[in-house]
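Student: So here's query-v3.cif, just mmCIF, C-alpha atoms:
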```cif
data_my_file
#
loop_
_atom_site.label_atom_id
_atom_site.label_comp_id
_atom_site.auth_asym_id
_atom_site.auth_seq_id
_atom_site.Cartn_x
_atom_site.Cartn_y
_atom_site.Cartn_z
CA MET A 20 -146.26 -108.50 39.38
CA LYS A 21 -146.82 -111.88 37.71
CA LYS A 22 -150.58 -111.28 37.74
CA TRP A 23 -150.04 -107.85 36.10
CA LEU A 24 -147.85 -109.38 33.39
CA LEU A 25 -150.36 -112.12 32.70
CA ALA A 26 -153.17 -109.58 32.48
CA ALA A 27 -151.14 -107.33 30.18
CA GLY A 28 -150.32 -110.30 27.96
CA PHE A 29 -153.98 -111.31 27.81
CA ILE A 30 -155.01 -107.77 26.84
CA THR A 31 -152.32 -107.68 24.15
CA VAL A 32 -153.61 -110.93 22.68
CA ILE A 33 -157.14 -109.53 22.61
CA ILE A 34 -155.99 -106.30 20.89
CA VAL A 35 -153.89 -108.13 18.28
CA GLY A 36 -156.72 -110.56 17.67
CA ALA A 37 -159.17 -107.71 17.19
CA VAL A 38 -156.85 -105.95 14.74
CA LEU A 39 -156.34 -109.12 12.73
CA ALA A 40 -160.05 -109.86 12.74
CA GLY A 41 -160.71 -106.31 11.55
CA CYS A 42 -158.28 -106.73 8.66
CA GLY A 43 -159.80 -110.03 7.65
CA SER A 44 -163.33 -108.64 7.56
CA SER A 45 -162.45 -105.48 5.67
CA PRO A 46 -164.88 -104.98 2.77
CA ALA A 47 -161.92 -104.12 0.52
CA ALA A 48 -160.36 -107.49 1.21
CA ASN A 49 -163.41 -109.70 1.23
CA ASP A 50 -167.13 -109.19 1.53
CA SER A 51 -169.10 -112.41 1.45
CA LYS A 52 -172.23 -110.55 0.38
CA GLU A 53 -170.78 -109.21 -2.88
CA ILE A 54 -168.69 -110.24 -5.86
CA ARG A 55 -166.05 -107.63 -6.60
CA ILE A 56 -165.33 -107.19 -10.32
CA GLY A 57 -162.78 -104.65 -11.54
CA ALA A 58 -163.35 -102.40 -14.56
CA ASN A 59 -160.09 -101.02 -15.98
CA VAL A 60 -161.52 -98.58 -18.53
CA GLU A 61 -160.73 -95.43 -20.50
CA MET A 62 -162.99 -92.90 -18.75
CA THR A 63 -160.90 -89.86 -19.71
CA GLY A 64 -158.32 -89.17 -22.42
CA GLY A 65 -158.25 -89.74 -26.16
CA VAL A 66 -160.60 -92.74 -26.38
CA ALA A 67 -162.84 -91.98 -23.41
CA ASN A 68 -165.99 -92.48 -25.48
CA TYR A 69 -165.01 -96.11 -26.02
CA GLY A 70 -164.44 -96.70 -22.33
CA LYS A 71 -167.69 -95.05 -21.30
CA SER A 72 -169.70 -97.03 -23.85
CA ALA A 73 -168.19 -100.37 -22.82
CA LEU A 74 -168.69 -99.56 -19.14
CA ASN A 75 -172.32 -98.65 -19.83
CA GLY A 76 -172.85 -102.09 -21.34
CA ILE A 77 -171.12 -103.80 -18.42
CA GLN A 78 -173.10 -101.87 -15.83
CA LEU A 79 -176.42 -102.52 -17.58
CA ALA A 80 -175.79 -106.28 -17.65
CA PHE A 81 -174.78 -106.42 -13.99
CA LYS A 82 -177.70 -104.20 -12.97
CA GLU A 83 -180.10 -106.63 -14.63
CA VAL A 84 -178.38 -109.62 -13.01
CA ASN A 85 -178.42 -107.99 -9.56
CA ALA A 86 -182.10 -107.11 -9.95
CA ALA A 87 -182.82 -110.77 -10.71
CA GLY A 88 -181.13 -111.92 -7.51
CA GLY A 89 -177.45 -111.71 -8.35
CA VAL A 90 -175.05 -114.63 -8.78
CA LEU A 91 -174.62 -117.42 -6.23
CA GLY A 92 -176.86 -115.39 -3.93
CA LYS A 93 -174.49 -112.40 -4.07
CA GLN A 94 -174.67 -108.97 -5.67
CA ILE A 95 -172.02 -107.91 -8.17
CA LYS A 96 -170.09 -104.76 -7.29
CA ILE A 97 -168.08 -103.01 -10.02
CA ILE A 98 -164.88 -101.28 -8.92
CA ILE A 99 -164.00 -98.71 -11.62
CA ALA A 100 -160.44 -97.58 -12.33
CA ASP A 101 -159.86 -94.89 -14.97
CA ASN A 102 -156.76 -95.69 -17.04
CA LYS A 103 -156.96 -92.24 -18.72
CA SER A 104 -156.46 -93.84 -22.17
CA GLU A 105 -152.77 -94.39 -21.39
CA ALA A 106 -150.85 -97.68 -21.23
CA SER A 107 -148.88 -96.79 -18.09
CA GLU A 108 -152.06 -95.75 -16.28
CA ALA A 109 -153.75 -98.97 -17.40
CA THR A 110 -150.96 -100.95 -15.74
CA ASN A 111 -151.32 -98.91 -12.56
CA ALA A 112 -155.07 -99.45 -12.59
CA THR A 113 -154.62 -103.23 -12.85
CA THR A 114 -152.21 -103.21 -9.91
CA LYS A 115 -154.63 -101.16 -7.80
CA LEU A 116 -157.64 -103.33 -8.61
CA ILE A 117 -155.75 -106.49 -7.66
CA THR A 118 -153.74 -105.38 -4.61
CA GLN A 119 -156.04 -102.78 -3.04
CA ASP A 120 -159.54 -103.58 -4.23
CA LYS A 121 -159.11 -107.36 -4.12
CA VAL A 122 -161.21 -108.05 -7.21
CA SER A 123 -161.92 -111.58 -8.45
CA LEU A 124 -161.67 -110.62 -12.12
CA ILE A 125 -160.87 -107.58 -14.26
CA MET A 126 -162.81 -106.35 -17.29
CA GLY A 127 -160.85 -104.16 -19.71
CA PRO A 128 -158.92 -102.25 -20.84
CA ILE A 129 -160.83 -101.32 -23.96
CA THR A 130 -158.09 -100.58 -26.50
CA SER A 131 -155.46 -103.11 -27.56
CA SER A 132 -152.41 -101.04 -26.59
CA ASN A 133 -153.72 -100.45 -23.08
CA ALA A 134 -154.77 -104.09 -22.70
CA LEU A 135 -151.35 -105.36 -23.76
CA ALA A 136 -149.66 -103.17 -21.15
CA THR A 137 -151.59 -104.79 -18.28
CA LEU A 138 -151.41 -108.49 -19.03
CA GLN A 139 -148.22 -109.41 -17.22
CA VAL A 140 -149.44 -107.90 -13.96
CA ALA A 141 -152.69 -109.86 -14.16
CA GLN A 142 -150.93 -113.11 -15.02
CA ASP A 143 -148.34 -112.69 -12.27
CA ASN A 144 -151.19 -112.32 -9.78
CA LYS A 145 -153.28 -115.08 -11.41
CA ILE A 146 -156.33 -112.86 -11.88
CA PRO A 147 -158.47 -113.50 -14.99
CA VAL A 148 -158.97 -110.62 -17.40
CA ILE A 149 -161.63 -110.15 -20.09
CA THR A 150 -161.17 -107.33 -22.56
CA PRO A 151 -164.49 -106.63 -24.27
CA THR A 152 -162.91 -104.89 -27.26
CA GLY A 153 -159.14 -105.44 -27.38
CA THR A 154 -158.79 -107.01 -30.84
CA ASN A 155 -154.99 -107.42 -31.13
CA ALA A 156 -154.18 -111.13 -31.55
CA LYS A 157 -151.25 -110.86 -29.12
CA ILE A 158 -153.57 -110.13 -26.22
CA THR A 159 -154.49 -113.79 -25.81
CA VAL A 160 -151.53 -115.49 -27.53
CA ASP A 161 -147.90 -114.50 -26.97
CA ASN A 162 -145.30 -116.02 -29.31
CA GLY A 163 -147.52 -119.00 -29.99
CA LYS A 164 -148.33 -119.59 -26.31
CA VAL A 165 -151.85 -118.99 -24.96
CA ARG A 166 -151.99 -116.58 -22.03
CA PRO A 167 -153.87 -118.67 -19.44
CA TYR A 168 -155.60 -115.79 -17.63
CA ILE A 169 -156.58 -113.58 -20.58
CA PHE A 170 -159.88 -113.72 -22.53
CA ARG A 171 -162.00 -111.51 -24.78
CA SER A 172 -165.56 -111.12 -26.05
CA CYS A 173 -164.65 -109.58 -29.44
CA PHE A 174 -163.22 -111.07 -32.62
CA ILE A 175 -159.54 -110.42 -33.38
CA ASP A 176 -157.77 -108.05 -35.77
CA PRO A 177 -156.86 -110.62 -38.44
CA PHE A 178 -160.57 -111.38 -38.86
CA GLN A 179 -161.41 -107.68 -39.30
CA GLY A 180 -158.58 -107.16 -41.79
CA ILE A 181 -159.73 -110.15 -43.83
CA VAL A 182 -163.37 -109.00 -43.68
CA MET A 183 -162.54 -105.56 -45.08
CA ALA A 184 -160.12 -106.88 -47.71
CA ASN A 185 -162.83 -109.26 -48.94
CA PHE A 186 -165.43 -106.48 -48.81
CA ALA A 187 -163.17 -104.20 -50.86
CA ALA A 188 -162.63 -106.87 -53.51
CA LYS A 189 -166.02 -108.58 -53.63
CA THR A 190 -168.49 -105.80 -52.80
CA LEU A 191 -166.70 -102.60 -53.81
CA HIS A 192 -164.85 -104.37 -56.65
CA VAL A 193 -161.68 -102.31 -56.20
CA LYS A 194 -158.22 -103.41 -57.32
CA THR A 195 -155.95 -100.75 -55.79
CA ALA A 196 -155.71 -99.40 -52.25
CA VAL A 197 -153.63 -97.16 -50.04
CA ILE A 198 -153.21 -98.10 -46.38
CA TYR A 199 -153.21 -95.12 -43.98
CA ILE A 200 -152.32 -96.12 -40.43
CA ASP A 201 -151.92 -94.67 -36.96
CA ASN A 202 -148.21 -95.31 -36.34
CA SER A 203 -148.69 -94.90 -32.58
CA SER A 204 -151.20 -97.77 -32.35
CA ASP A 205 -150.56 -101.53 -32.27
CA TYR A 206 -154.22 -101.93 -33.18
CA SER A 207 -153.75 -99.99 -36.40
CA LYS A 208 -150.50 -101.69 -37.40
CA ASN A 209 -151.86 -105.22 -36.96
CA LEU A 210 -155.03 -104.48 -38.89
CA ALA A 211 -152.97 -103.05 -41.73
CA GLU A 212 -150.95 -106.27 -41.94
CA SER A 213 -153.97 -108.56 -42.12
CA PHE A 214 -155.77 -106.32 -44.61
CA GLU A 215 -152.76 -106.13 -46.93
CA SER A 216 -152.17 -109.87 -46.87
CA GLN A 217 -155.77 -110.69 -47.79
CA PHE A 218 -156.16 -107.83 -50.28
CA VAL A 219 -153.09 -109.03 -52.22
CA LYS A 220 -154.32 -112.61 -51.96
CA ASN A 221 -157.56 -111.45 -53.61
CA GLY A 222 -155.60 -110.02 -56.53
CA GLY A 223 -155.49 -106.42 -55.32
CA ILE A 224 -152.47 -104.12 -55.20
CA VAL A 225 -151.48 -101.91 -52.27
CA ILE A 226 -150.02 -98.97 -54.19
CA GLY A 227 -149.01 -96.89 -51.19
CA LYS A 228 -148.72 -96.68 -47.40
CA GLU A 229 -148.86 -93.55 -45.29
CA ALA A 230 -148.89 -92.93 -41.54
CA PHE A 231 -149.98 -90.42 -38.92
CA LEU A 232 -149.86 -90.21 -35.12
CA GLN A 233 -152.70 -90.10 -32.62
CA LYS A 234 -153.79 -86.52 -31.84
CA ASP A 235 -152.52 -85.21 -35.20
CA GLN A 236 -154.76 -82.44 -36.54
CA ASP A 237 -153.59 -81.72 -40.11
CA PHE A 238 -153.60 -84.64 -42.56
CA LYS A 239 -153.51 -82.68 -45.82
CA SER A 240 -149.85 -83.30 -46.61
CA THR A 241 -150.19 -87.10 -46.61
CA LEU A 242 -153.64 -86.95 -48.22
CA THR A 243 -152.07 -84.97 -51.08
CA LYS A 244 -149.57 -87.80 -51.59
CA ILE A 245 -152.37 -90.36 -51.47
CA LYS A 246 -154.48 -88.42 -53.97
CA ALA A 247 -151.57 -88.35 -56.41
CA LEU A 248 -151.43 -92.16 -56.34
CA ASN A 249 -155.06 -92.30 -57.53
CA PRO A 250 -156.17 -95.33 -55.45
CA GLU A 251 -159.66 -96.80 -55.67
CA THR A 252 -159.99 -96.95 -51.87
CA ILE A 253 -158.15 -95.96 -48.68
CA PHE A 254 -158.02 -98.38 -45.74
CA ILE A 255 -157.85 -96.43 -42.45
CA PRO A 256 -157.69 -98.76 -39.41
CA ALA A 257 -157.79 -96.11 -36.68
CA TYR A 258 -159.92 -94.44 -34.01
CA TYR A 259 -162.85 -92.09 -34.52
CA GLU A 260 -161.16 -88.77 -33.61
CA GLU A 261 -158.47 -89.02 -36.28
CA VAL A 262 -160.69 -90.81 -38.80
CA GLY A 263 -163.26 -88.02 -38.57
CA LYS A 264 -160.62 -85.39 -39.33
CA ILE A 265 -159.13 -87.49 -42.15
CA ALA A 266 -162.54 -87.98 -43.79
CA LYS A 267 -163.36 -84.28 -43.54
CA GLN A 268 -160.04 -83.15 -45.02
CA ALA A 269 -160.05 -85.86 -47.70
CA ARG A 270 -163.47 -84.75 -48.96
CA GLU A 271 -162.41 -81.09 -48.89
CA MET A 272 -159.51 -82.05 -51.17
CA GLY A 273 -161.80 -83.80 -53.64
CA LEU A 274 -161.03 -87.37 -52.60
CA SER A 275 -164.47 -88.91 -53.11
CA ILE A 276 -163.39 -92.57 -53.25
CA PRO A 277 -164.65 -95.11 -50.67
CA LEU A 278 -162.94 -94.86 -47.29
CA ILE A 279 -162.94 -98.13 -45.37
CA GLY A 280 -161.95 -99.05 -41.84
CA THR A 281 -162.58 -101.06 -38.72
CA ASP A 282 -164.39 -100.99 -35.37
CA GLY A 283 -162.31 -98.06 -34.13
CA TRP A 284 -164.64 -95.87 -36.21
CA ASP A 285 -167.63 -96.84 -34.10
CA ASP A 286 -168.64 -93.76 -32.17
CA PRO A 287 -171.30 -91.07 -32.78
CA LYS A 288 -168.63 -88.40 -32.42
CA ILE A 289 -167.13 -89.38 -35.77
CA ALA A 290 -170.04 -87.63 -37.49
CA GLU A 291 -169.56 -84.53 -35.34
CA VAL A 292 -165.88 -84.37 -36.29
CA ALA A 293 -166.20 -85.21 -39.99
CA GLY A 294 -169.62 -83.87 -40.84
CA ALA A 295 -172.36 -86.13 -42.19
CA ASP A 296 -171.62 -85.55 -45.89
CA ALA A 297 -167.93 -86.42 -45.55
CA LEU A 298 -168.85 -89.87 -44.25
CA ASN A 299 -170.98 -90.85 -47.21
CA ASN A 300 -169.37 -93.70 -49.16
CA THR A 301 -167.50 -94.95 -46.08
CA PHE A 302 -167.65 -98.44 -44.59
CA PHE A 303 -166.21 -100.21 -41.56
CA SER A 304 -166.20 -103.65 -39.96
CA ASN A 305 -167.94 -104.03 -36.64
CA HIS A 306 -169.09 -106.54 -34.07
CA TYR A 307 -172.81 -105.89 -34.41
CA SER A 308 -175.35 -103.48 -35.82
CA ALA A 309 -178.10 -101.85 -33.77
CA GLN A 310 -180.21 -102.04 -36.93
CA ASP A 311 -180.00 -105.85 -36.99
CA THR A 312 -183.49 -107.34 -36.48
CA ASP A 313 -182.25 -110.24 -34.31
CA PRO A 314 -184.55 -110.38 -31.21
CA ASN A 315 -181.60 -110.47 -28.79
CA ILE A 316 -180.16 -107.32 -30.32
CA ALA A 317 -183.55 -105.57 -30.36
CA LYS A 318 -184.08 -106.37 -26.66
CA PHE A 319 -180.63 -105.07 -25.73
CA VAL A 320 -181.03 -101.89 -27.79
CA GLU A 321 -184.38 -101.15 -26.13
CA ALA A 322 -182.99 -101.69 -22.61
CA TYR A 323 -179.89 -99.61 -23.33
CA LYS A 324 -181.92 -96.72 -24.73
CA LYS A 325 -184.16 -96.79 -21.68
CA GLU A 326 -181.15 -96.73 -19.36
CA TYR A 327 -178.92 -94.21 -21.15
CA GLY A 328 -181.14 -92.38 -23.64
CA GLN A 329 -179.04 -93.25 -26.67
CA GLU A 330 -178.41 -96.07 -29.13
CA PRO A 331 -175.70 -98.52 -28.07
CA ASN A 332 -172.60 -98.83 -30.21
CA ALA A 333 -170.53 -102.00 -30.57
CA PHE A 334 -168.40 -101.14 -27.54
CA ALA A 335 -171.52 -101.10 -25.38
CA ALA A 336 -172.72 -104.40 -26.85
CA LEU A 337 -169.35 -106.08 -26.30
CA GLY A 338 -169.17 -104.76 -22.74
CA TYR A 339 -172.58 -106.32 -22.14
CA ASP A 340 -171.42 -109.57 -23.78
CA ALA A 341 -168.29 -109.71 -21.59
CA ALA A 342 -170.41 -109.20 -18.47
CA LEU A 343 -172.64 -112.12 -19.51
CA MET A 344 -169.52 -114.26 -19.96
CA VAL A 345 -168.44 -113.36 -16.42
CA VAL A 346 -171.84 -114.23 -14.93
CA ASP A 347 -172.06 -117.50 -16.87
CA SER A 348 -168.56 -118.54 -15.78
CA ILE A 349 -169.11 -117.73 -12.10
CA LYS A 350 -172.33 -119.74 -12.16
CA ARG A 351 -170.70 -122.76 -13.79
CA ALA A 352 -167.68 -122.51 -11.49
CA ASN A 353 -170.04 -122.19 -8.50
CA SER A 354 -167.31 -119.99 -7.07
CA THR A 355 -165.71 -116.56 -7.25
CA GLU A 356 -162.22 -117.98 -6.78
CA PRO A 357 -160.11 -116.53 -9.64
CA GLU A 358 -158.66 -119.90 -10.64
CA LYS A 359 -162.05 -121.62 -10.80
CA VAL A 360 -163.54 -118.70 -12.75
CA ARG A 361 -160.59 -118.88 -15.15
CA GLU A 362 -161.21 -122.57 -15.74
CA ALA A 363 -164.90 -121.91 -16.39
CA LEU A 364 -164.10 -119.11 -18.84
CA GLU A 365 -162.08 -121.55 -20.92
CA LYS A 366 -165.25 -123.62 -21.36
CA VAL A 367 -167.62 -120.90 -22.59
CA LYS A 368 -169.64 -122.60 -25.30
CA ASN A 369 -172.74 -121.58 -27.27
CA LEU A 370 -173.49 -118.79 -24.82
CA GLN A 371 -176.24 -116.49 -26.07
CA VAL A 372 -175.04 -112.90 -25.91
CA VAL A 373 -176.10 -109.75 -27.74
CA THR A 374 -173.80 -110.24 -30.72
CA GLY A 375 -174.80 -113.88 -31.23
CA LEU A 376 -173.80 -117.28 -29.89
CA ILE A 377 -170.31 -117.19 -28.46
CA THR A 378 -167.85 -120.05 -28.05
CA LEU A 379 -164.24 -119.51 -27.03
CA ASP A 380 -161.61 -121.37 -29.03
CA ALA A 381 -158.35 -122.82 -27.68
CA ASN A 382 -156.77 -119.35 -27.88
CA HIS A 383 -159.49 -117.81 -25.68
CA ASP A 384 -160.86 -115.94 -28.72
CA PRO A 385 -164.54 -115.97 -29.70
CA ILE A 386 -165.81 -117.76 -32.77
CA LYS A 387 -168.48 -115.36 -33.99
CA SER A 388 -169.79 -113.31 -36.91
CA GLY A 389 -168.91 -109.75 -37.92
CA VAL A 390 -170.78 -107.08 -39.85
CA VAL A 391 -169.98 -104.26 -42.26
CA ILE A 392 -171.53 -100.88 -41.49
CA GLU A 393 -172.14 -98.18 -44.09
CA MET A 394 -172.37 -94.53 -43.08
CA LYS A 395 -175.24 -92.66 -44.74
CA ASN A 396 -175.84 -89.00 -43.95
CA GLY A 397 -173.98 -89.37 -40.67
CA LYS A 398 -175.92 -92.46 -39.55
CA GLN A 399 -174.84 -96.08 -39.33
CA THR A 400 -176.70 -98.51 -41.59
CA PHE A 401 -176.38 -102.28 -41.66
CA LYS A 402 -174.62 -103.35 -44.88
CA GLU A 403 -173.87 -107.06 -44.59
CA LYS A 404 -173.04 -109.83 -42.10
CA ILE A 405 -169.87 -111.91 -42.43
CA ASN A 406 -169.50 -115.35 -40.86
CA PRO A 407 -166.09 -116.82 -39.96
CA GLU A 408 -164.71 -119.10 -42.67
#
```
Go ahead and express the file in the form of structure tokens.

Tutor:
Amino acid sequence: MKKWLLAAGFITVIIVGAVLAGCGSSPAANDSKEIRIGANVEMTGGVANYGKSALNGIQLAFKEVNAAGGVLGKQIKIIIADNKSEASEATNATTKLITQDKVSLIMGPITSSNALATLQVAQDNKIPVITPTGTNAKITVDNGKVRPYIFRSCFIDPFQGIVMANFAAKTLHVKTAVIYIDNSSDYSKNLAESFESQFVKNGGIVIGKEAFLQKDQDFKSTLTKIKALNPETIFIPAYYEEVGKIAKQAREMGLSIPLIGTDGWDDPKIAEVAGADALNNTFFSNHYSAQDTDPNIAKFVEAYKKEYGQEPNAFAALGYDAALMVVDSIKRANSTEPEKVREALEKVKNLQVVTGLITLDANHDPIKSGVVIEMKNGKQTFKEKINPE
């Protein structure tokens, strides 16, 4: 009887040990041959084109790195979670990537509202996050306090608002403007604030403010009000779907004044929605231009076209930039431990990426240049480059 009990106990120990060993070696938990990076991106929903473009850039960068031998002798594996262009889904995606997929770092979300919704979960779990394109200043700094685990590869909204206010005053030489915002978007609201502040500082007058909501279709009522104010320009800090419809309807109503905006305009679909003619005499701030002759940009554009058969927009370039930041930080950390990678990210300095040399400031925001793009016959053309003051 004693022998049977001892044997049964020994077998139990073996079984439990095998189960525990199996859990510990699960690829989802830890695979020493790969580096697991999460991508929390908008693959479906209202801004899916942004998410797909950014992910294309991320995947291209990691593909090139893997082909060259990987990082620390390991291959990078991207775990993709579709946040469906919704804040609640973005939060769920972050939770899944951390708790189920056991990623070392998360890239995304792409839009500011979705990024803001996920930050607390990432910080509570001490997992670093890089948003390639979330430009809202609150993403990295909350009530004056830097979020220790949050970073970005794009410039912030105040910079874009200042760029376009200066462009309106110094290049377009306009004195009056109407601000037309997406009232459902933090991105749009923050850009409007920074634009207004700088425009007034430059001696301009904001003679009216109007608002719409994402997924609105008919903008003629508010455009009629705007037309009656007779502004010299309309500032529209919003995303391509709504901007395309606004431009089309504005031109149909005889509003031929310059329309100006921000990086949310950057998608080929804007020309499909608006029509090429409606976009003439429109301008927007952006992170880079594919027409820039910089050798680093030319090399990236060529590789992207070869991989995807189309010209990369700024979202693709910033996704690629963010991936290079990840690789650089893992190399310098000589580790995939989230805390060590986080510490290395804080020290990104003079890193050559597609959009230029990137250095992160104390707020985890890049110090970098911006550009103004002009739309001509439905195509983007490089207008001018703006350096940070």

Student: For the PyMOL selection byres ((chain A and resi 376) around 12), applied here, can you spell out every residue it catches as a PDB file with C-alpha atoms, in the frame of the given file?

Tutor:
```pdb
ATOM      1  CA  SER A 172    -165.560-111.120 -26.050  1.00  0.00           C
ATOM      2  CA  CYS A 173    -164.650-109.580 -29.440  1.00  0.00           C
ATOM      3  CA  ASP A 313    -182.250-110.240 -34.310  1.00  0.00           C
ATOM      4  CA  ASN A 315    -181.600-110.470 -28.790  1.00  0.00           C
ATOM      5  CA  ILE A 316    -180.160-107.320 -30.320  1.00  0.00           C
ATOM      6  CA  ASP A 340    -171.420-109.570 -23.780  1.00  0.00           C
ATOM      7  CA  LEU A 343    -172.640-112.120 -19.510  1.00  0.00           C
ATOM      8  CA  MET A 344    -169.520-114.260 -19.960  1.00  0.00           C
ATOM      9  CA  VAL A 367    -167.620-120.900 -22.590  1.00  0.00           C
ATOM     10  CA  LYS A 368    -169.640-122.600 -25.300  1.00  0.00           C
ATOM     11  CA  ASN A 369    -172.740-121.580 -27.270  1.00  0.00           C
ATOM     12  CA  LEU A 370    -173.490-118.790 -24.820  1.00  0.00           C
ATOM     13  CA  GLN A 371    -176.240-116.490 -26.070  1.00  0.00           C
ATOM     14  CA  VAL A 372    -175.040-112.900 -25.910  1.00  0.00           C
ATOM     15  CA  VAL A 373    -176.100-109.750 -27.740  1.00  0.00           C
ATOM     16  CA  THR A 374    -173.800-110.240 -30.720  1.00  0.00           C
ATOM     17  CA  GLY A 375    -174.800-113.880 -31.230  1.00  0.00           C
ATOM     18  CA  ILE A 377    -170.310-117.190 -28.460  1.00  0.00           C
ATOM     19  CA  THR A 378    -167.850-120.050 -28.050  1.00  0.00           C
ATOM     20  CA  LEU A 379    -164.240-119.510 -27.030  1.00  0.00           C
ATOM     21  CA  PRO A 385    -164.540-115.970 -29.700  1.00  0.00           C
ATOM     22  CA  ILE A 386    -165.810-117.760 -32.770  1.00  0.00           C
ATOM     23  CA  LYS A 387    -168.480-115.360 -33.990  1.00  0.00           C
ATOM     24  CA  SER A 388    -169.790-113.310 -36.910  1.00  0.00           C
ATOM     25  CA  ASN A 406    -169.500-115.350 -40.860  1.00  0.00           C
TER      26      ASN A 406
END
```

Student: Tell me, as a VMD selection string, which residues lie within 10 Å of region 107-119 of chain A, counting only C-alpha atoms; anything in the same chain fewer than 6 positions away does not count.

Tutor: chain A and resid 47 to 48 55 to 61 98 to 101 125 to 129 132 to 141 144 to 146 148

Student: Taking all atoms of region 210-216 of chain A that the file lists, what box with edges along x, y and z, padded by 4 Å per side, do you get, with centre and edge lengths in Å to one decimal, as lines of an AutoDock Vina configuration file?

Tutor:
```
center_x = -153.4
center_y = -106.5
center_z = -42.9
size_x = 12.8
size_y = 14.8
size_z = 16.0
```

Student: Could you pull the residues within 12 Å of Glu326 (chain A), counting only C-alpha atoms, minus those fewer than 2 positions along the same chain, as a list in words?

Tutor: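 Selected residues are Asn75, Gly76, Gln78, Leu79, Ala80, Lys82, Glu83, Phe319, Val320, Glu321, Ala322, Tyr323, Lys324, Gly328, Gln329, Glu330 and Pro331 of chain A.
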
Student: Counting all atoms listed in the file, figure out which residue out of A:Gln179, A:Thr63, A:Ser354, A:Thr152 gets nearest to Phe214 (chain A).

Tutor: A:Gln179

Student: Just checking: using only C-alpha atoms, which residue out of A:Thr190, A:Gln268, A:Asn305, A:Thr241 ends up closest to Trp284 (chain A)?

Tutor: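 Of A:Thr190, A:Gln268, A:Asn305, A:Thr241, the one nearest Trp284 (chain A) is A:Asn305, counting only C-alpha atoms.
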
Student: Work out how far apart CA of Thr195 (chain A) and CA of Lys404 (chain A) are and give it in Å to one decimal.

Tutor: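 Pair CA of Thr195 (chain A) / CA of Lys404 (chain A) returns 23.7 Å.
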
Student: At what distance in Å, to one decimal, does CA of Ser131 (chain A) lie from CA of Thr150 (chain A)?

Tutor: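 Computed distance, CA of Thr150 (chain A) to CA of Ser131 (chain A), equals 8.7 Å.
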
Student: Of the residues A:Asp143, A:Asp120, A:Glu362, A:Glu393, which is the one nearest to Phe302 (chain A), using all atoms listed in the file?

Tutor: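 Smallest distance to Phe302 (chain A) is found for A:Glu393.
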
Student: What separation in Å, quoted to one decimal, exists between CA of Gly92 (chain A) and CA of Ile349 (chain A)?

Tutor: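 Separation between CA of Gly92 (chain A) and CA of Ile349 (chain A): 11.5 Å.
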
Student: Pick out the residues sitting within 9 Å of region 381-384 of chain A, and hand them over as a ChimeraX atom specification; count all atoms listed in the file, and ignore anything fewer than 2 positions along from it in its own chain.

Tutor: /A:156,159-160,164-167,169-175,364-365,378-379,386

Student: Once the PyMOL selection byres ((chain A and resi 232) around 6) has been applied to the shown file, what residues remain in the selection, as a PDB file with C-alpha atoms, in the coordinates of the input?

Tutor:
```pdb
ATOM      1  CA  ASP A 201    -151.920 -94.670 -36.960  1.00  0.00           C
ATOM      2  CA  ASN A 202    -148.210 -95.310 -36.340  1.00  0.00           C
ATOM      3  CA  SER A 203    -148.690 -94.900 -32.580  1.00  0.00           C
ATOM      4  CA  PHE A 231    -149.980 -90.420 -38.920  1.00  0.00           C
ATOM      5  CA  GLN A 233    -152.700 -90.100 -32.620  1.00  0.00           C
ATOM      6  CA  ASP A 235    -152.520 -85.210 -35.200  1.00  0.00           C
TER       7      ASP A 235
END
```

Student: Selection in question (the file shown): the PyMOL selection byres ((chain A and resi 287) around 12). Which residues does it include, as an MDAnalysis selection string?

Tutor: chainID A and resid 68:69 72 258:260 263 283:286 288:295 298 329:334 394 397:399

Student: With distances taken over only C-alpha atoms, which residue among A:Lys402, A:Gly64, A:Gly70, A:Phe81 lies nearest Lys234 (chain A)?

Tutor: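 Of A:Lys402, A:Gly64, A:Gly70, A:Phe81, the one nearest Lys234 (chain A) is A:Gly64, counting only C-alpha atoms.
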
Student: May I ask which of the residues A:Val346, A:Leu248, A:Ala335, A:Ala297 is the closest one to Asn396 (chain A), counting only C-alpha atoms?

Tutor: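 Looking only at the distances to Asn396 (chain A), the closest residue turns out to be A:Ala297.
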
Student: Closest to Ala230 (chain A) among A:Glu271, A:Glu356, A:Glu261, A:Asp161, using only C-alpha atoms?

Tutor: A:Glu261

Student: Mind checking which residues fall within 10 Å of Asn221 (chain A), counting all atoms listed in the file, ignoring those fewer than 4 positions away in the same chain, and posting them as a count of residues only?

Tutor: 9

Student: Could you pull the residues within 12 Å of Val193 (chain A), counting only C-alpha atoms, minus those fewer than 4 positions along the same chain, as a list in words?

Tutor: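 Within the cut-off, the hits are Met183, Ala184, Asn185, Phe186, Ala187, Ala188, Lys189, Val197, Phe218, Val219, Asn221, Gly222, Gly223, Ile224, Val225, Pro250, Glu251, Thr252, Ile253, Phe254, Ile276, Pro277, Leu278 and Ile279 of chain A.
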